[in-house]
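First comes the structure, then the notes that go with it.
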Amino acid sequence: MPGAWFETIFDERYPELFGPLEEDAEQEVEEILGLLPLRRGSSVEDLGCGRGRHAIPLARRGYRVTGIDLSEKMLSMARERSGREGVVVEWVQEDMRTFCRPRSFHLCLSLFTSFGYFRDEENQRVLVNVARSLRKGGALLLDLRNAGKGLTRLEDWSETREVPSGKLRMSMRFDHKTGRAKARHVLTRRDGIRISSTFDVRVYSTAELSAMLRDAGMKNVEFYGSLSGAPLREDSPRMVAVSRKG
């Protein structure tokens, strides 16, 4: 039987299908450190680290970084790059629903909508694991799709754009009863070959996410519209939630 979408999507297709949507990771790391200043040598958990886009720049800046991901293929890309660049990162292959390293990290990052893959109770378990893994006063930053003031504002959409390897068609449908976004990416390469992927992510409102974070043991929840700390507005493309372990 085929695995869940998150067990199959993160492979060699990922850079072509999702790379065009990624922002400059070096700039994003600078924005994160501006929003959450951190002493050199502090420990950072990059949860859902993928191919190490943020973990490697953080390690290069002198932080002790642990990158956790379920996909061996993505971690293989991360290991190859970190080795090529001479950057030391601890790469761990594990499910975020089970990874927990009590009182080990000063900061946990979950970037590019790497949270919300599972059922609500499993997503809550991820937050509990994060809270347990953080040191007292440690921070969690979640970078997610923005639901605005409520899930009823989310609309279906589709878009086709030119990308370096061809044409990428993206479509997304929102189930307002479940609060989940179901998307499909289809890339038609310039040689005519087509590759595709689908994903299904729970989109949370600020009220829902605040309650989940508090239940996990986090406090002082703040929301922003970008990693740079811009105010969160209804039309902000991103929702960045920052909280601290009590």
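Each chain of the structure tokens is named A, B, ... in the order shown, its residues numbered from 1; ligands are numbered from 1 in display order.
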Thr188 (chain A) environment, 6 Å, only C-alpha atoms, sequence neighbours closer than 4 positions dropped, as a PDB file with N, CA and C atoms, in the first residue's frame:
ATOM      1  N   GLY A 166      10.672  24.498 -16.305  1.00  0.00           N
ATOM      2  CA  GLY A 166       9.478  24.338 -17.121  1.00  0.00           C
ATOM      3  C   GLY A 166       8.308  25.162 -16.611  1.00  0.00           C
ATOM      4  N   LYS A 167       7.116  24.571 -16.629  1.00  0.00           N
ATOM      5  CA  LYS A 167       5.905  25.228 -16.141  1.00  0.00           C
ATOM      6  C   LYS A 167       5.363  24.479 -14.935  1.00  0.00           C
ATOM      7  N   GLY A 192       9.201  17.844 -21.726  1.00  0.00           N
ATOM      8  CA  GLY A 192       7.877  17.226 -21.839  1.00  0.00           C
ATOM      9  C   GLY A 192       7.528  16.264 -20.733  1.00  0.00           C
ATOM     10  N   ILE A 193       8.486  15.882 -19.899  1.00  0.00           N
ATOM     11  CA  ILE A 193       8.219  14.967 -18.791  1.00  0.00           C
ATOM     12  C   ILE A 193       7.456  15.707 -17.696  1.00  0.00           C
ATOM     13  N   ARG A 194       6.448  15.018 -17.143  1.00  0.00           N
ATOM     14  CA  ARG A 194       5.647  15.622 -16.076  1.00  0.00           C
ATOM     15  C   ARG A 194       5.911  14.898 -14.757  1.00  0.00           C
TER      16      ARG A 194
END
DSSP alpha helix (DSSP H) residues within region 100-242 of chain A, listed as a PyMOL selection string: chain A and resi 120-133+206-216
Would you save the residues from that selection as a short mmCIF file (atom, residue, chain, number, x, y, z; two decimals), in the first residue's frame, using C-alpha atoms?
data_model
loop_
_atom_site.label_atom_id
_atom_site.label_comp_id
_atom_site.auth_asym_id
_atom_site.auth_seq_id
_atom_site.Cartn_x
_atom_site.Cartn_y
_atom_site.Cartn_z
CA ASP A 120 -5.20 17.41 15.34
CA GLU A 121 -4.26 15.12 18.21
CA GLU A 122 -1.02 14.14 16.47
CA ASN A 123 -0.18 17.78 15.70
CA GLN A 124 -0.72 18.49 19.39
CA ARG A 125 1.71 15.69 20.21
CA VAL A 126 4.34 17.40 18.04
CA LEU A 127 3.96 20.60 20.08
CA VAL A 128 4.20 18.67 23.34
CA ASN A 129 7.42 17.03 22.12
CA VAL A 130 8.82 20.43 21.19
CA ALA A 131 7.94 21.92 24.59
CA ARG A 132 9.60 19.02 26.37
CA SER A 133 12.69 19.35 24.18
CA THR A 206 -4.52 32.15 15.63
CA ALA A 207 -7.09 31.19 18.27
CA GLU A 208 -6.71 27.47 17.59
CA LEU A 209 -2.93 27.62 17.55
CA SER A 210 -2.75 29.73 20.72
CA ALA A 211 -4.82 27.16 22.60
CA MET A 212 -2.69 24.28 21.32
CA LEU A 213 0.55 25.99 22.31
CA ARG A 214 -0.73 26.79 25.80
CA ASP A 215 -1.89 23.19 26.22
CA ALA A 216 1.60 22.03 25.25
#
Long-range neighbours of Lys219 (chain A) as a PyMOL selection string, 6 Å cut-off, only C-alpha atoms, 6 positions minimum in chain: chain A and resi 243-244+246
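Of the residues under consideration (A:Ser43, A:Ser76, A:Ser165, A:Ser71), A:Ser71 shows the shortest atom-to-atom contact distance to Ile9 (chain A) when counting only C-alpha atoms.
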Contacts of Met170 (chain A) at 6 Å (only C-alpha atoms; same-chain gap of 2+ positions) as a short mmCIF file (atom, residue, chain, number, x, y, z; two decimals) with N, CA, C and O atoms, in the first residue's frame:
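Okay, around34.cif is ready:
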data_model
loop_
_atom_site.label_atom_id
_atom_site.label_comp_id
_atom_site.auth_asym_id
_atom_site.auth_seq_id
_atom_site.Cartn_x
_atom_site.Cartn_y
_atom_site.Cartn_z
N SER A 158 -5.80 28.39 -8.06
CA SER A 158 -4.85 27.69 -8.91
C SER A 158 -4.00 28.74 -9.63
O SER A 158 -4.43 29.87 -9.84
N GLU A 159 -2.79 28.34 -9.97
CA GLU A 159 -1.85 29.27 -10.60
C GLU A 159 -0.84 28.47 -11.40
O GLU A 159 -0.43 27.38 -10.99
N ARG A 184 -2.03 20.31 -4.99
CA ARG A 184 -1.38 19.48 -6.00
C ARG A 184 -0.45 20.36 -6.82
O ARG A 184 -0.84 21.47 -7.24
N HIS A 185 0.77 19.89 -7.01
CA HIS A 185 1.75 20.57 -7.86
C HIS A 185 2.06 19.66 -9.05
O HIS A 185 2.37 18.48 -8.86
#
